[in-house]
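Participant: Enclosed is the structure file structure-v7.cif (mmCIF, C-alpha atoms).
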```cif
data_coords
loop_
_atom_site.group_PDB
_atom_site.id
_atom_site.type_symbol
_atom_site.label_atom_id
_atom_site.label_comp_id
_atom_site.auth_asym_id
_atom_site.auth_seq_id
_atom_site.Cartn_x
_atom_site.Cartn_y
_atom_site.Cartn_z
ATOM 1 C CA MET A 1 57.733 -83.336 -56.586
ATOM 2 C CA LYS A 2 54.806 -81.914 -54.597
ATOM 3 C CA ILE A 3 52.385 -84.169 -56.455
ATOM 4 C CA LEU A 4 54.377 -87.206 -55.380
ATOM 5 C CA LEU A 5 53.924 -86.138 -51.756
ATOM 6 C CA ILE A 6 50.242 -85.347 -52.116
ATOM 7 C CA ILE A 7 49.232 -88.670 -53.704
ATOM 8 C CA PRO A 8 50.320 -90.857 -50.743
ATOM 9 C CA LEU A 9 48.703 -88.393 -48.335
ATOM 10 C CA LEU A 10 45.395 -88.512 -50.217
ATOM 11 C CA LEU A 11 45.581 -92.286 -50.467
ATOM 12 C CA SER A 12 46.138 -92.523 -46.720
ATOM 13 C CA LEU A 13 43.155 -90.281 -46.005
ATOM 14 C CA VAL A 14 40.894 -92.341 -48.268
ATOM 15 C CA LEU A 15 41.997 -95.589 -46.652
ATOM 16 C CA LEU A 16 41.605 -94.255 -43.121
ATOM 17 C CA ASN A 17 38.211 -92.777 -43.869
ATOM 18 C CA GLY A 18 37.006 -95.961 -45.545
ATOM 19 C CA CYS A 19 38.082 -98.066 -42.582
ATOM 20 C CA GLY A 20 36.218 -95.873 -40.107
ATOM 21 C CA LYS A 21 32.668 -96.857 -40.967
ATOM 22 C CA LYS A 22 31.498 -100.401 -40.618
ATOM 23 C CA SER A 23 29.175 -102.039 -43.117
ATOM 24 C CA ASP A 24 25.820 -103.563 -42.225
ATOM 25 C CA THR A 25 27.440 -106.995 -42.517
ATOM 26 C CA ASP A 26 30.236 -105.916 -40.163
ATOM 27 C CA TYR A 27 27.673 -104.849 -37.561
ATOM 28 C CA MET A 28 25.756 -108.103 -37.928
ATOM 29 C CA ASN A 29 28.953 -110.123 -37.501
ATOM 30 C CA ILE A 30 29.948 -108.115 -34.425
ATOM 31 C CA ALA A 31 26.500 -108.698 -32.930
ATOM 32 C CA LYS A 32 26.612 -112.435 -33.602
ATOM 33 C CA GLU A 33 30.095 -112.620 -32.125
ATOM 34 C CA GLY A 34 28.850 -110.741 -29.058
ATOM 35 C CA ILE A 35 26.041 -113.257 -28.603
ATOM 36 C CA ALA A 36 28.442 -116.182 -29.055
ATOM 37 C CA LYS A 37 30.751 -114.706 -26.405
ATOM 38 C CA ASN A 38 27.834 -113.899 -24.082
ATOM 39 C CA ASN A 39 28.591 -110.203 -24.487
ATOM 40 C CA THR A 40 25.085 -108.818 -24.805
ATOM 41 C CA ALA A 41 26.204 -105.181 -24.568
ATOM 42 C CA ASP A 42 28.321 -105.485 -27.719
ATOM 43 C CA ALA A 43 25.511 -107.295 -29.532
ATOM 44 C CA VAL A 44 22.938 -104.656 -28.580
ATOM 45 C CA ALA A 45 25.256 -101.827 -29.653
ATOM 46 C CA ALA A 46 26.010 -103.505 -32.983
ATOM 47 C CA TYR A 47 22.342 -104.247 -33.752
ATOM 48 C CA GLN A 48 21.388 -100.671 -32.867
ATOM 49 C CA SER A 49 24.187 -99.255 -35.018
ATOM 50 C CA LEU A 50 23.177 -101.418 -37.966
ATOM 51 C CA VAL A 51 19.571 -100.209 -37.797
ATOM 52 C CA LYS A 52 20.614 -96.572 -37.286
ATOM 53 C CA ASP A 53 23.306 -96.460 -39.972
ATOM 54 C CA TYR A 54 21.619 -98.769 -42.503
ATOM 55 C CA PRO A 55 17.829 -98.536 -42.036
ATOM 56 C CA ASN A 56 17.259 -99.702 -45.626
ATOM 57 C CA SER A 57 19.577 -102.691 -45.385
ATOM 58 C CA PRO A 58 18.034 -106.124 -45.884
ATOM 59 C CA LEU A 59 19.732 -106.976 -42.562
ATOM 60 C CA ALA A 60 17.875 -104.263 -40.601
ATOM 61 C CA PRO A 61 14.696 -106.301 -39.916
ATOM 62 C CA GLU A 62 16.785 -109.232 -38.680
ATOM 63 C CA ALA A 63 18.823 -106.909 -36.448
ATOM 64 C CA LEU A 64 15.611 -105.500 -34.960
ATOM 65 C CA PHE A 65 14.226 -109.005 -34.479
ATOM 66 C CA GLN A 66 17.356 -110.185 -32.686
ATOM 67 C CA LEU A 67 17.417 -107.035 -30.574
ATOM 68 C CA ALA A 68 13.757 -107.538 -29.641
ATOM 69 C CA THR A 69 14.501 -111.132 -28.689
ATOM 70 C CA LEU A 70 17.300 -110.006 -26.361
ATOM 71 C CA TYR A 71 14.886 -107.639 -24.627
ATOM 72 C CA GLN A 72 12.122 -110.256 -24.537
ATOM 73 C CA ASN A 73 14.471 -112.683 -22.812
ATOM 74 C CA LYS A 74 15.546 -109.913 -20.424
ATOM 75 C CA MET A 75 19.177 -110.285 -21.413
ATOM 76 C CA VAL A 76 19.990 -106.564 -21.558
ATOM 77 C CA LYS A 77 21.647 -105.547 -18.295
ATOM 78 C CA ASP A 78 20.247 -102.780 -16.142
ATOM 79 C CA VAL A 79 16.869 -102.793 -17.861
ATOM 80 C CA PRO A 80 13.987 -103.662 -15.500
ATOM 81 C CA SER A 81 11.856 -106.643 -16.501
ATOM 82 C CA THR A 82 8.689 -104.775 -17.488
ATOM 83 C CA GLU A 83 10.654 -102.126 -19.360
ATOM 84 C CA SER A 84 12.567 -104.838 -21.196
ATOM 85 C CA LEU A 85 9.338 -106.513 -22.294
ATOM 86 C CA GLN A 86 7.854 -103.191 -23.393
ATOM 87 C CA LYS A 87 11.005 -102.482 -25.387
ATOM 88 C CA ALA A 88 10.683 -105.923 -27.026
ATOM 89 C CA VAL A 89 7.074 -105.198 -27.996
ATOM 90 C CA GLY A 90 8.079 -101.872 -29.518
ATOM 91 C CA LEU A 91 10.967 -103.382 -31.467
ATOM 92 C CA PHE A 92 8.890 -106.292 -32.763
ATOM 93 C CA ARG A 93 6.138 -103.888 -33.779
ATOM 94 C CA SER A 94 8.635 -101.612 -35.533
ATOM 95 C CA ILE A 95 9.572 -104.480 -37.852
ATOM 96 C CA PHE A 96 5.968 -104.744 -38.999
ATOM 97 C CA ASP A 97 5.603 -100.949 -39.243
ATOM 98 C CA LYS A 98 8.876 -100.230 -41.070
ATOM 99 C CA TYR A 99 9.276 -103.433 -43.086
ATOM 100 C CA PRO A 100 5.738 -104.805 -43.673
ATOM 101 C CA GLY A 101 6.863 -106.844 -46.683
ATOM 102 C CA ASP A 102 9.773 -108.521 -44.912
ATOM 103 C CA LYS A 103 9.546 -112.235 -44.140
ATOM 104 C CA LEU A 104 9.939 -111.434 -40.415
ATOM 105 C CA ALA A 105 7.022 -108.968 -40.300
ATOM 106 C CA PRO A 106 4.283 -111.540 -39.557
ATOM 107 C CA LYS A 107 6.243 -113.273 -36.807
ATOM 108 C CA ALA A 108 7.276 -109.932 -35.313
ATOM 109 C CA LEU A 109 3.681 -108.682 -35.185
ATOM 110 C CA PHE A 110 2.576 -111.975 -33.634
ATOM 111 C CA MET A 111 5.357 -111.757 -31.038
ATOM 112 C CA SER A 112 4.337 -108.238 -30.057
ATOM 113 C CA GLY A 113 0.832 -109.512 -29.312
ATOM 114 C CA PHE A 114 2.131 -112.604 -27.551
ATOM 115 C CA ILE A 115 4.276 -110.585 -25.139
ATOM 116 C CA GLN A 116 1.464 -108.097 -24.549
ATOM 117 C CA ALA A 117 -0.977 -110.903 -23.701
ATOM 118 C CA ASN A 118 1.150 -113.417 -21.863
ATOM 119 C CA GLU A 119 3.828 -111.387 -20.142
ATOM 120 C CA LEU A 120 2.546 -107.835 -19.798
ATOM 121 C CA LYS A 121 -1.132 -108.809 -19.386
ATOM 122 C CA ALA A 122 -1.974 -105.845 -21.627
ATOM 123 C CA TYR A 123 -5.070 -107.516 -23.062
ATOM 124 C CA PRO A 124 -6.593 -104.626 -25.058
ATOM 125 C CA GLU A 125 -3.242 -103.973 -26.764
ATOM 126 C CA ALA A 126 -2.714 -107.688 -27.383
ATOM 127 C CA THR A 127 -6.196 -107.994 -28.865
ATOM 128 C CA GLY A 128 -5.393 -105.156 -31.251
ATOM 129 C CA SER A 129 -2.097 -106.753 -32.256
ATOM 130 C CA PHE A 130 -3.625 -110.180 -32.882
ATOM 131 C CA ASN A 131 -6.576 -108.730 -34.806
ATOM 132 C CA LEU A 132 -4.189 -106.702 -36.966
ATOM 133 C CA PHE A 133 -2.118 -109.839 -37.507
ATOM 134 C CA LEU A 134 -5.185 -111.800 -38.635
ATOM 135 C CA GLN A 135 -6.272 -108.932 -40.892
ATOM 136 C CA LYS A 136 -2.852 -108.602 -42.564
ATOM 137 C CA PHE A 137 -1.727 -112.245 -42.530
ATOM 138 C CA PRO A 138 -4.862 -114.448 -42.466
ATOM 139 C CA ASN A 139 -3.118 -117.373 -44.170
ATOM 140 C CA ASN A 140 0.110 -117.250 -42.190
ATOM 141 C CA GLU A 141 1.192 -120.350 -40.299
ATOM 142 C CA LEU A 142 0.715 -118.398 -37.036
ATOM 143 C CA ALA A 143 -2.908 -117.436 -37.793
ATOM 144 C CA THR A 144 -4.294 -120.431 -35.884
ATOM 145 C CA SER A 145 -2.131 -119.548 -32.900
ATOM 146 C CA ALA A 146 -3.280 -115.918 -33.057
ATOM 147 C CA LYS A 147 -6.918 -117.070 -32.986
ATOM 148 C CA GLU A 148 -6.178 -119.334 -30.012
ATOM 149 C CA GLU A 149 -4.456 -116.473 -28.216
ATOM 150 C CA LEU A 150 -7.555 -114.331 -28.724
ATOM 151 C CA ASP A 151 -9.881 -117.137 -27.592
ATOM 152 C CA ASN A 152 -7.859 -117.918 -24.472
ATOM 153 C CA MET A 153 -6.606 -114.473 -23.515
ATOM 154 C CA GLY A 154 -6.503 -113.951 -19.777
ATOM 155 C CA LEU A 155 -7.313 -117.560 -18.938
ATOM 156 C CA THR A 156 -5.133 -119.711 -16.720
ATOM 157 C CA PRO A 157 -3.722 -122.958 -18.149
ATOM 158 C CA GLU A 158 -6.272 -124.854 -16.048
ATOM 159 C CA GLN A 159 -9.116 -122.792 -17.486
ATOM 160 C CA ILE A 160 -7.856 -123.423 -21.011
ATOM 161 C CA LEU A 161 -7.751 -127.172 -20.394
ATOM 162 C CA GLN A 162 -11.242 -127.088 -18.906
ATOM 163 C CA LYS A 163 -12.461 -125.096 -21.889
ATOM 164 C CA LYS A 164 -11.038 -127.729 -24.247
ATOM 165 C CA LYS A 165 -12.828 -130.480 -22.298
ATOM 166 C CA ASP A 166 -16.106 -128.579 -22.211
ATOM 167 C CA PRO A 167 -16.333 -126.165 -25.194
ATOM 168 C CA LYS A 168 -19.552 -124.632 -23.774
ATOM 169 C CA ILE A 169 -17.502 -122.722 -21.194
#
```
Give the structure from the file, written as structure tokens.
Facilitator:
Amino acid sequence: MKILLIIPLLLSLVLLNGCGKKSDTDYMNIAKEGIAKNNTADAVAAYQSLVKDYPNSPLAPEALFQLATLYQNKMVKDVPSTESLQKAVGLFRSIFDKYPGDKLAPKALFMSGFIQANELKAYPEATGSFNLFLQKFPNNELATSAKEELDNMGLTPEQILQKKKDPKI
């Protein structure tokens, strides 16, 4: 008789415990739903939870990339502009550092340099990022853009146009 009472209790505990933790796919779906509903806070929390709870998931680099993009576009409330951009750089860079073989690693490293150069005006850091990109991914589709970023770093659009007209400059 006691066994008959214990079995349903154990089954209930297993079911409740199993329902408590979300999967990496659950977190990704919650984040995408948050974006679709313009609820950035939910998306940020879900992306962060995915990366924290499932750092080895194949979805982790994508979650970091999406999170970095939210910060780059200054969509996270109550985060000052410069801090948001710095956070984006760090998140993009972490994709390259933690997941160097992932398909997003080259683009993430490029984006870290792009934000450093064009938005933060952190030229030495940007130069380092672009040089590392060219060293690690010389045949990537973004390699030409990385070289152009290095060649034109710190120049105004007018100066870049003038440089194209007169390459001696």
Participant: How would you write, as a ChimeraX atom specification, the residues chosen by the PyMOL selection byres ((chain A and resi 92-94) around 10) on this structure?
Facilitator: /A:61,64-69,72,86-91,95-100,104-113,115,129
Participant: Starting from the displayed file, determine the output of the PyMOL selection byres ((chain A and resi 24) around 9) and express the residue list as a PyMOL selection string.
Facilitator: chain A and resi 22-23+25-29+49-51+53-54+57-60
Participant: Between A:Asn131, A:Gln162, A:Asn39, A:Ser84, which has the minimum distance to Lys147 (chain A) (counting only C-alpha atoms)?
Facilitator: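 Closest residue, counting only C-alpha atoms: A:Asn131.
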Participant: Could you check which residues have any atom within 10 Å of (-7.4, -111.2, -15.8), counting all atoms listed in the file with coordinates taken straight from the file, and then list them as a ChimeraX atom specification?
Facilitator: /A:121-123,153-156
Participant: Enclose all atoms of region 155-158 of chain A listed in the file in an axis-aligned box, grow every side by 5 Å, and hand back centre and edge lengths in Å to one decimal, as lines of an AutoDock Vina configuration file.
Facilitator:
```
center_x = -5.5
center_y = -121.2
center_z = -17.5
size_x = 13.6
size_y = 17.3
size_z = 12.9
```
Participant: Any idea what the distance is between CA of Ala46 (chain A) and CA of Ile30 (chain A)?
Facilitator: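 For CA of Ala46 (chain A) relative to CA of Ile30 (chain A), the distance reads 6.2 Å.
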Participant: What does the distance from CA of Gln135 (chain A) to CA of Asp102 (chain A) come to in Å, to one decimal?
Facilitator: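 Those two atoms sit 16.5 Å apart.
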Participant: Of the candidates A:Thr40, A:Gln116, A:Lys21, A:Gly101, which shows the shortest atom-to-atom distance to Gly128 (chain A), using all atoms listed in the file?
Facilitator: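 Using all atoms listed in the file, the shortest distance to Gly128 (chain A) belongs to A:Gln116.
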Participant: Set the distance at 6 Å and use all atoms listed in the file: which residues neighbour Phe130 (chain A) once local chain neighbours fewer than 3 positions away are removed? I'd like the list as a PyMOL selection string.
Facilitator: chain A and resi 113+127+133+146
Participant: Between CA of Tyr47 (chain A) and CA of Ala31 (chain A), what is the spacing in Å?
Facilitator: 6.1 Å
Participant: Would you please work out which residue, of A:Lys163, A:Pro138, A:Asn152, A:Val76, is nearest to Asp42 (chain A) when using all atoms listed in the file?
Facilitator: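 Closest residue, counting all atoms listed in the file: A:Val76.
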Participant: For each of A:Lys168, A:Lys103, A:Lys77, A:Lys32, take the minimum atom-to-atom distance to Ala63 (chain A), counting all atoms listed in the file, then give the residue where this is smallest.
Facilitator: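 Checking each of A:Lys168, A:Lys103, A:Lys77, A:Lys32 against Ala63 (chain A), counting all atoms listed in the file, the winner is A:Lys32.
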Participant: Choose the residue, out of A:Leu70, A:Leu150, A:Thr144, A:Pro167, that has the smallest atom-to-atom separation from Ile35 (chain A); count only C-alpha atoms.
Facilitator: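 Residue with the minimum atom-to-atom distance to Ile35 (chain A): A:Leu70.
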Participant: Would you save region 34-124 of chain A to a file, keeping C-alpha atoms, as an mmCIF file, in the first residue's frame?
Facilitator:
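Output below, filename part34.cif:
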```
data_model
loop_
_atom_site.group_PDB
_atom_site.id
_atom_site.type_symbol
_atom_site.label_atom_id
_atom_site.label_comp_id
_atom_site.auth_asym_id
_atom_site.auth_seq_id
_atom_site.Cartn_x
_atom_site.Cartn_y
_atom_site.Cartn_z
ATOM 1 C CA GLY A 34 10.727 38.700 -27.025
ATOM 2 C CA ILE A 35 12.254 40.335 -30.094
ATOM 3 C CA ALA A 36 9.072 39.765 -32.113
ATOM 4 C CA LYS A 37 7.015 41.387 -29.343
ATOM 5 C CA ASN A 38 9.517 44.237 -28.933
ATOM 6 C CA ASN A 39 10.284 43.001 -25.428
ATOM 7 C CA THR A 40 14.043 43.413 -25.365
ATOM 8 C CA ALA A 41 14.336 42.697 -21.632
ATOM 9 C CA ASP A 42 12.907 39.192 -22.054
ATOM 10 C CA ALA A 43 15.133 38.558 -25.071
ATOM 11 C CA VAL A 44 18.269 39.697 -23.237
ATOM 12 C CA ALA A 45 17.424 37.557 -20.199
ATOM 13 C CA ALA A 46 16.754 34.494 -22.354
ATOM 14 C CA TYR A 47 19.957 34.894 -24.399
ATOM 15 C CA GLN A 48 21.984 35.367 -21.213
ATOM 16 C CA SER A 49 20.384 32.322 -19.590
ATOM 17 C CA LEU A 50 21.063 30.185 -22.650
ATOM 18 C CA VAL A 51 24.754 31.115 -22.653
ATOM 19 C CA LYS A 52 25.063 30.679 -18.872
ATOM 20 C CA ASP A 53 23.177 27.386 -18.612
ATOM 21 C CA TYR A 54 24.336 25.854 -21.912
ATOM 22 C CA PRO A 55 27.775 27.286 -22.786
ATOM 23 C CA ASN A 56 28.549 24.248 -24.964
ATOM 24 C CA SER A 57 25.284 24.368 -26.887
ATOM 25 C CA PRO A 58 25.504 24.915 -30.637
ATOM 26 C CA LEU A 59 23.006 27.746 -30.009
ATOM 27 C CA ALA A 60 25.325 29.633 -27.618
ATOM 28 C CA PRO A 61 27.321 31.502 -30.311
ATOM 29 C CA GLU A 62 24.095 32.615 -31.994
ATOM 30 C CA ALA A 63 22.680 33.767 -28.647
ATOM 31 C CA LEU A 64 25.835 35.803 -28.000
ATOM 32 C CA PHE A 65 25.695 37.247 -31.511
ATOM 33 C CA GLN A 66 22.068 38.298 -31.123
ATOM 34 C CA LEU A 67 22.780 39.730 -27.683
ATOM 35 C CA ALA A 68 25.736 41.696 -29.065
ATOM 36 C CA THR A 69 23.539 43.023 -31.856
ATOM 37 C CA LEU A 70 20.969 44.267 -29.333
ATOM 38 C CA TYR A 71 23.709 46.151 -27.493
ATOM 39 C CA GLN A 72 25.227 47.446 -30.736
ATOM 40 C CA ASN A 73 21.859 48.864 -31.751
ATOM 41 C CA LYS A 74 21.455 50.346 -28.263
ATOM 42 C CA MET A 75 18.209 48.487 -27.702
ATOM 43 C CA VAL A 76 18.884 47.479 -24.090
ATOM 44 C CA LYS A 77 17.130 49.937 -21.786
ATOM 45 C CA ASP A 78 19.017 51.872 -19.149
ATOM 46 C CA VAL A 79 22.411 51.166 -20.685
ATOM 47 C CA PRO A 80 24.249 54.337 -21.781
ATOM 48 C CA SER A 81 25.267 54.491 -25.438
ATOM 49 C CA THR A 82 29.028 54.093 -25.000
ATOM 50 C CA GLU A 83 28.590 51.323 -22.447
ATOM 51 C CA SER A 84 26.197 49.539 -24.787
ATOM 52 C CA LEU A 85 28.717 49.672 -27.628
ATOM 53 C CA GLN A 86 31.512 48.455 -25.359
ATOM 54 C CA LYS A 87 29.298 45.586 -24.227
ATOM 55 C CA ALA A 88 28.625 44.726 -27.892
ATOM 56 C CA VAL A 89 32.358 44.662 -28.634
ATOM 57 C CA GLY A 90 32.976 42.368 -25.678
ATOM 58 C CA LEU A 91 30.168 40.001 -26.640
ATOM 59 C CA PHE A 92 31.220 39.849 -30.291
ATOM 60 C CA ARG A 93 34.809 39.217 -29.241
ATOM 61 C CA SER A 94 33.727 36.479 -26.828
ATOM 62 C CA ILE A 95 32.254 34.532 -29.746
ATOM 63 C CA PHE A 96 35.648 34.473 -31.433
ATOM 64 C CA ASP A 97 37.440 33.679 -28.154
ATOM 65 C CA LYS A 98 35.087 30.932 -26.931
ATOM 66 C CA TYR A 99 33.919 29.476 -30.247
ATOM 67 C CA PRO A 100 36.734 30.124 -32.778
ATOM 68 C CA GLY A 101 35.532 27.326 -35.061
ATOM 69 C CA ASP A 102 31.925 28.503 -35.201
ATOM 70 C CA LYS A 103 30.600 29.944 -38.459
ATOM 71 C CA LEU A 104 29.825 33.222 -36.634
ATOM 72 C CA ALA A 105 33.369 33.694 -35.287
ATOM 73 C CA PRO A 106 34.757 35.591 -38.310
ATOM 74 C CA LYS A 107 31.802 37.963 -38.550
ATOM 75 C CA ALA A 108 31.821 38.512 -34.787
ATOM 76 C CA LEU A 109 35.526 39.393 -34.760
ATOM 77 C CA PHE A 110 35.004 41.737 -37.710
ATOM 78 C CA MET A 111 32.061 43.399 -35.951
ATOM 79 C CA SER A 112 34.108 43.989 -32.812
ATOM 80 C CA GLY A 113 36.673 45.870 -34.896
ATOM 81 C CA PHE A 114 34.004 47.724 -36.844
ATOM 82 C CA ILE A 115 32.344 49.070 -33.692
ATOM 83 C CA GLN A 116 35.710 49.958 -32.167
ATOM 84 C CA ALA A 117 36.719 51.916 -35.282
ATOM 85 C CA ASN A 118 33.497 53.515 -36.418
ATOM 86 C CA GLU A 119 31.491 54.060 -33.267
ATOM 87 C CA LEU A 120 33.911 54.113 -30.348
ATOM 88 C CA LYS A 121 36.808 55.674 -32.301
ATOM 89 C CA ALA A 122 39.107 53.265 -30.450
ATOM 90 C CA TYR A 123 41.573 53.042 -33.333
ATOM 91 C CA PRO A 124 44.416 51.062 -31.703
#
```
